[in-house]
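As provided, protein.pdb (PDB, C-alpha atoms) reads as follows.
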```pdb
MODEL        1
ATOM      1  CA  MET A  71     121.192  -1.817-127.705
ATOM      2  CA  GLN A  72     120.749  -2.826-124.048
ATOM      3  CA  LEU A  73     121.608  -5.768-121.834
ATOM      4  CA  GLY A  74     118.828  -7.762-120.232
ATOM      5  CA  ARG A  75     117.842 -11.155-118.898
ATOM      6  CA  VAL A  76     114.876 -13.202-120.103
ATOM      7  CA  VAL A  77     112.585 -13.592-117.087
ATOM      8  CA  GLY A  78     109.436 -14.902-118.699
ATOM      9  CA  GLN A  79     107.216 -15.200-121.718
ATOM     10  CA  VAL A  80     103.983 -13.553-122.775
ATOM     11  CA  VAL A  81     101.358 -15.618-124.576
ATOM     12  CA  ALA A  82      98.769 -13.806-126.719
ATOM     13  CA  THR A  83      96.688 -15.894-129.036
ATOM     14  CA  ARG A  84      94.889 -12.916-130.593
ATOM     15  CA  LYS A  85      97.511 -10.533-131.862
ATOM     16  CA  ASP A  86      98.793  -8.711-134.913
ATOM     17  CA  ASP A  87      99.357 -11.085-137.830
ATOM     18  CA  ALA A  88     103.028 -10.109-138.068
ATOM     19  CA  LEU A  89     103.489 -11.330-134.472
ATOM     20  CA  GLU A  90     102.106 -14.761-135.339
ATOM     21  CA  GLY A  91     104.607 -17.546-134.690
ATOM     22  CA  LYS A  92     106.947 -15.229-132.799
ATOM     23  CA  THR A  93     107.917 -15.579-129.182
ATOM     24  CA  LEU A  94     107.201 -12.661-126.859
ATOM     25  CA  LEU A  95     109.740 -12.639-124.056
ATOM     26  CA  LEU A  96     109.696 -10.709-120.808
ATOM     27  CA  ILE A  97     112.994  -8.857-120.338
ATOM     28  CA  GLN A  98     114.551  -7.521-117.130
ATOM     29  CA  PRO A  99     117.142  -4.843-117.963
ATOM     30  CA  LEU A 100     120.552  -5.324-116.310
ATOM     31  CA  ASP A 101     123.062  -2.825-114.962
ATOM     32  CA  ARG A 102     126.797  -2.810-115.348
ATOM     33  CA  GLN A 103     127.256  -5.428-112.637
ATOM     34  CA  GLY A 104     124.663  -7.669-114.222
ATOM     35  CA  ARG A 105     122.083  -6.905-111.541
ATOM     36  CA  ASP A 106     118.413  -6.260-112.238
ATOM     37  CA  ARG A 107     117.899  -2.550-112.863
ATOM     38  CA  GLY A 108     114.911  -0.754-114.374
ATOM     39  CA  ARG A 109     111.499  -1.921-115.397
ATOM     40  CA  THR A 110     110.662  -5.045-117.356
ATOM     41  CA  LEU A 111     109.448  -4.878-120.923
ATOM     42  CA  VAL A 112     108.287  -7.284-123.614
ATOM     43  CA  GLY A 113     110.483  -8.017-126.607
ATOM     44  CA  VAL A 114     109.947 -10.026-129.766
ATOM     45  CA  ASP A 115     112.576 -12.730-130.008
ATOM     46  CA  ALA A 116     114.608 -12.780-133.228
ATOM     47  CA  VAL A 117     117.417 -15.150-132.218
ATOM     48  CA  GLY A 118     115.912 -18.034-130.226
ATOM     49  CA  ALA A 119     116.586 -16.782-126.704
ATOM     50  CA  GLY A 120     115.447 -18.914-123.776
ATOM     51  CA  PRO A 121     114.421 -18.289-120.175
ATOM     52  CA  GLY A 122     117.222 -17.043-117.915
ATOM     53  CA  GLU A 123     119.558 -16.187-120.780
ATOM     54  CA  THR A 124     121.404 -12.888-120.868
ATOM     55  CA  ILE A 125     120.464 -11.107-124.073
ATOM     56  CA  TYR A 126     120.631  -7.738-125.694
ATOM     57  CA  TRP A 127     117.799  -5.978-127.457
ATOM     58  CA  CYS A 128     117.418  -3.232-130.018
ATOM     59  CA  ARG A 129     114.889  -0.494-129.226
ATOM     60  CA  GLY A 130     112.779   1.870-131.265
ATOM     61  CA  ARG A 131     111.784   1.784-134.900
ATOM     62  CA  GLU A 132     114.968  -0.114-135.721
ATOM     63  CA  ALA A 133     113.693  -3.085-133.720
ATOM     64  CA  SER A 134     111.039  -3.758-136.350
ATOM     65  CA  LEU A 135     113.819  -4.114-138.935
ATOM     66  CA  ALA A 136     115.018  -7.379-137.396
ATOM     67  CA  TRP A 137     112.790  -9.215-139.888
ATOM     68  CA  HIS A 138     113.389  -6.897-142.840
ATOM     69  CA  PRO A 139     112.672  -7.299-145.735
ATOM     70  CA  HIS A 140     110.383 -10.284-145.113
ATOM     71  CA  GLN A 141     108.105  -8.596-142.612
ATOM     72  CA  THR A 142     107.447  -5.367-140.837
ATOM     73  CA  VAL A 143     106.796  -6.424-137.257
ATOM     74  CA  PRO A 144     105.019  -4.041-134.910
ATOM     75  CA  THR A 145     107.542  -3.787-132.096
ATOM     76  CA  GLU A 146     109.944  -1.282-130.591
ATOM     77  CA  CYS A 147     111.880  -4.014-128.753
ATOM     78  CA  ALA A 148     113.536  -6.916-130.563
ATOM     79  CA  ILE A 149     115.902  -9.394-128.962
ATOM     80  CA  VAL A 150     118.819  -9.510-131.401
ATOM     81  CA  GLY A 151     121.649 -11.171-129.481
ATOM     82  CA  ILE A 152     122.334 -13.845-126.880
ATOM     83  CA  VAL A 153     125.287 -12.825-124.743
ATOM     84  CA  ASP A 154     128.118 -15.263-124.070
ATOM     85  CA  SER A 155     130.178 -12.812-122.030
ATOM     86  CA  VAL A 156     130.659  -9.145-121.278
ATOM     87  CA  THR A 157     134.311  -8.360-120.611
ATOM     88  CA  ILE A 158     134.289  -5.298-118.338
ATOM     89  CA  ASP A 159     137.498  -3.386-117.738
TER      90      ASP A 159
ATOM     91  CA  MET B  99     125.369  12.400-130.167
ATOM     92  CA  LEU B 100     126.833  11.576-126.799
ATOM     93  CA  ILE B 101     130.235  11.330-125.174
ATOM     94  CA  GLY B 102     130.951   7.925-123.664
ATOM     95  CA  LYS B 103     133.699   5.661-122.460
ATOM     96  CA  VAL B 104     134.141   2.107-123.693
ATOM     97  CA  ILE B 105     134.056  -0.023-120.548
ATOM     98  CA  GLY B 106     133.875  -3.439-122.142
ATOM     99  CA  GLU B 107     133.168  -5.634-125.092
ATOM    100  CA  VAL B 108     130.232  -8.001-125.578
ATOM    101  CA  VAL B 109     130.716 -11.456-127.054
ATOM    102  CA  ALA B 110     127.578 -12.967-128.564
ATOM    103  CA  THR B 111     127.891 -15.859-130.964
ATOM    104  CA  ARG B 112     124.133 -16.163-131.571
ATOM    105  CA  LYS B 113     122.977 -12.783-132.851
ATOM    106  CA  HIS B 114     121.162 -11.082-135.697
ATOM    107  CA  ALA B 115     122.847 -11.487-139.085
ATOM    108  CA  SER B 116     123.520  -7.753-139.367
ATOM    109  CA  HIS B 117     125.579  -7.944-136.177
ATOM    110  CA  GLU B 118     127.811 -10.735-137.487
ATOM    111  CA  GLY B 119     131.441  -9.690-137.701
ATOM    112  CA  GLN B 120     130.714  -6.474-135.777
ATOM    113  CA  LYS B 121     132.491  -5.558-132.605
ATOM    114  CA  ILE B 122     129.881  -4.767-129.960
ATOM    115  CA  LEU B 123     131.124  -2.337-127.359
ATOM    116  CA  TYR B 124     129.725  -1.710-123.894
ATOM    117  CA  VAL B 125     129.700   2.053-123.479
ATOM    118  CA  GLN B 126     129.052   4.168-120.398
ATOM    119  CA  MET B 127     127.753   7.604-121.368
ATOM    120  CA  LEU B 128     129.420  10.453-119.511
ATOM    121  CA  ASN B 129     128.506  13.885-118.210
ATOM    122  CA  LEU B 130     131.031  16.661-118.824
ATOM    123  CA  ASP B 131     132.461  16.161-115.338
ATOM    124  CA  GLY B 132     133.204  12.554-116.240
ATOM    125  CA  SER B 133     130.495  11.078-114.051
ATOM    126  CA  GLY B 134     128.316   8.297-115.417
ATOM    127  CA  ARG B 135     125.086   9.141-117.164
ATOM    128  CA  GLY B 136     122.461   6.411-117.116
ATOM    129  CA  SER B 137     123.105   2.716-117.568
ATOM    130  CA  PRO B 138     125.732   1.598-120.089
ATOM    131  CA  ARG B 139     124.533   0.725-123.592
ATOM    132  CA  LEU B 140     125.715  -1.574-126.339
ATOM    133  CA  ALA B 141     126.906  -0.034-129.566
ATOM    134  CA  VAL B 142     128.299  -1.432-132.789
ATOM    135  CA  ASP B 143     131.783  -0.174-133.460
ATOM    136  CA  ALA B 144     132.311   1.791-136.660
ATOM    137  CA  VAL B 145     135.818   3.068-135.897
ATOM    138  CA  ASP B 146     137.667   0.202-134.184
ATOM    139  CA  ALA B 147     137.544   1.790-130.755
ATOM    140  CA  GLY B 148     138.854  -0.137-127.786
ATOM    141  CA  VAL B 149     138.166  -0.561-124.087
ATOM    142  CA  GLY B 150     139.162   2.599-122.223
ATOM    143  CA  ASP B 151     138.654   4.916-125.194
ATOM    144  CA  ASP B 152     136.502   8.028-124.858
ATOM    145  CA  VAL B 153     134.137   7.850-127.782
ATOM    146  CA  LEU B 154     131.518   9.713-129.772
ATOM    147  CA  VAL B 155     128.233   7.784-129.855
ATOM    148  CA  ALA B 156     125.423   8.120-132.394
ATOM    149  CA  GLN B 157     122.193   7.132-130.679
ATOM    150  CA  GLU B 158     119.818   7.265-133.619
ATOM    151  CA  GLY B 159     119.188   4.079-135.556
ATOM    152  CA  TRP B 160     119.628   5.153-139.159
ATOM    153  CA  SER B 161     122.928   6.854-138.398
ATOM    154  CA  ALA B 162     124.043   3.858-136.346
ATOM    155  CA  MET B 163     123.210   1.171-138.877
ATOM    156  CA  THR B 164     124.577   3.056-141.867
ATOM    157  CA  SER B 165     127.814   3.904-140.023
ATOM    158  CA  VAL B 166     128.625   0.189-140.199
ATOM    159  CA  GLY B 167     127.186  -0.243-143.676
ATOM    160  CA  LYS B 168     124.049  -2.094-142.561
ATOM    161  CA  PRO B 169     120.975  -0.116-143.592
ATOM    162  CA  TYR B 170     117.576  -1.580-142.626
ATOM    163  CA  SER B 171     118.946  -3.564-139.688
ATOM    164  CA  PRO B 172     118.152  -3.708-135.962
ATOM    165  CA  ILE B 173     120.985  -1.460-134.766
ATOM    166  CA  ASP B 174     120.136   1.548-132.587
ATOM    167  CA  MET B 175     123.539   2.821-131.471
ATOM    168  CA  ALA B 176     127.072   3.061-132.871
ATOM    169  CA  VAL B 177     130.468   4.351-131.840
ATOM    170  CA  VAL B 178     131.342   6.772-134.626
ATOM    171  CA  GLY B 179     134.443   8.471-133.275
ATOM    172  CA  VAL B 180     137.310   8.200-130.826
ATOM    173  CA  ILE B 181     137.651  11.436-128.870
ATOM    174  CA  ASP B 182     141.083  12.960-128.341
ATOM    175  CA  GLN B 183     140.048  16.096-126.515
ATOM    176  CA  VAL B 184     136.980  17.993-125.409
ATOM    177  CA  HIS B 185     137.456  21.776-125.187
ATOM    178  CA  LEU B 186     135.093  23.778-122.991
ATOM    179  CA  SER B 187     134.748  27.371-124.135
ATOM    180  CA  GLU B 188     133.872  28.970-120.814
TER     181      GLU B 188
ENDMDL
END
```
Could I get this file's structure written as structure tokens?
Amino acid sequence: MQLGRVVGQVVATRKDDALEGKTLLLIQPLDRQGRDRGRTLVGVDAVGAGPGETIYWCRGREASLAWHPHQTVPTECAIVGIVDSVTID
Amino acid sequence: MLIGKVIGEVVATRKHASHEGQKILYVQMLNLDGSGRGSPRLAVDAVDAGVGDDVLVAQEGWSAMTSVGKPYSPIDMAVVGVIDQVHLSE
């Protein structure tokens, strides 16, 4: 999984049925110091993340399993955690 | 799999059910000369590794989720070993 910050939201009224009712959040990946690093991407929120929050997401086929077994959601990026703290040695 | 070093631990009270009760480690992947390789990643901990440990990382989802007994869950990386030594043959 990877650390990121929610920097926005994407609204798409016409979309895949499995994405209905789900929030599409714009994620800015973060580096070790918590600074913006790398390109933004869109993730499907699975934990109720809000704007500005530090989160972590799961990538790849596994991301679609965040709603298993209820649904198979077409995504390769699912927000699966809201970070309280990262203790770095 | 990759060689990494555990540089931290991530605390997240609100997270996916399959991550509940899991330790989530912040791991910097390493090149053989010990330099950093890419940005650090988060991995569930299957072997009770700690900060400072050199670790073996599985970066494929099925291996990662099953290493912590959570098939069919959104887990894409796991620490599956604590490395004692790396021997280079040449």
Expected selection from the PyMOL selection byres ((chain A) within 7 of (chain B)), given as a PyMOL selection string: chain A and resi 71-72+101-102+117+128-129+132-133+135-136+138+150-159
Coordinates-based distance that separates CA of Leu128 in chain B from CA of Asp143 in chain B (Å, one decimal): 17.7 Å
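We find CA of Pro121 in chain A and CA of Gln79 in chain A to be spaced 8.0 Å apart.
CA of Thr142 in chain A to CA of Ala82 in chain A spans 18.6 Å [interatomic distance, one decimal].
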Ref. answer, residues at most 7 Å from (133.4, 21.0, -117.6) with all atoms listed in the file, as a ChimeraX atom specification: /B:130-131,186
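Near Val177 in chain B, within 6 Å and counting all atoms listed in the file, sit Asp143, Ala144, Leu154 and Val155 of chain B; same-chain residues fewer than 5 positions away were not included.
Applying the 8 Å criterion to (113.7, -16.9, -128.6) in file coordinates and using only C-alpha atoms, one obtains the residues Thr93, Leu94, Leu95, Val114, Asp115, Ala116, Val117, Gly118, Ala119, Gly120 and Ile149 of chain A.
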Export C-alpha atoms of the chosen residues as a PDB file, in the coordinates of the input?
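Result file is again.pdb:
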```
ATOM      1  CA  THR A  93     107.917 -15.579-129.182  1.00  0.00           C
ATOM      2  CA  LEU A  94     107.201 -12.661-126.859  1.00  0.00           C
ATOM      3  CA  LEU A  95     109.740 -12.639-124.056  1.00  0.00           C
ATOM      4  CA  VAL A 114     109.947 -10.026-129.766  1.00  0.00           C
ATOM      5  CA  ASP A 115     112.576 -12.730-130.008  1.00  0.00           C
ATOM      6  CA  ALA A 116     114.608 -12.780-133.228  1.00  0.00           C
ATOM      7  CA  VAL A 117     117.417 -15.150-132.218  1.00  0.00           C
ATOM      8  CA  GLY A 118     115.912 -18.034-130.226  1.00  0.00           C
ATOM      9  CA  ALA A 119     116.586 -16.782-126.704  1.00  0.00           C
ATOM     10  CA  GLY A 120     115.447 -18.914-123.776  1.00  0.00           C
ATOM     11  CA  ILE A 149     115.902  -9.394-128.962  1.00  0.00           C
TER      12      ILE A 149
END
```
Report as AutoDock Vina command-line options the centre and the edge lengths, in Å to one decimal, of the axis-aligned box holding every listed atom of range 91-94 of chain A, padded by 8 Å on each side.
```
--center_x 106.3 --center_y -15.1 --center_z -130.8 --size_x 19.3 --size_y 20.9 --size_z 23.8
```
For the provided coordinates, the residues matched by the PyMOL selection byres ((chain A and resi 111) around 9) should be stated as a compact mmCIF listing (two decimals) with C-alpha atoms, in the frame of the given file.
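See result-v1.txt below for the written result:
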```txt
# COMPACT_ATOMS: atom_id res chain seq x y z
CA LEU A 95 109.74 -12.64 -124.06
CA LEU A 96 109.70 -10.71 -120.81
CA ILE A 97 112.99 -8.86 -120.34
CA GLN A 98 114.55 -7.52 -117.13
CA PRO A 99 117.14 -4.84 -117.96
CA ARG A 109 111.50 -1.92 -115.40
CA THR A 110 110.66 -5.04 -117.36
CA VAL A 112 108.29 -7.28 -123.61
CA GLY A 113 110.48 -8.02 -126.61
CA CYS A 147 111.88 -4.01 -128.75
```
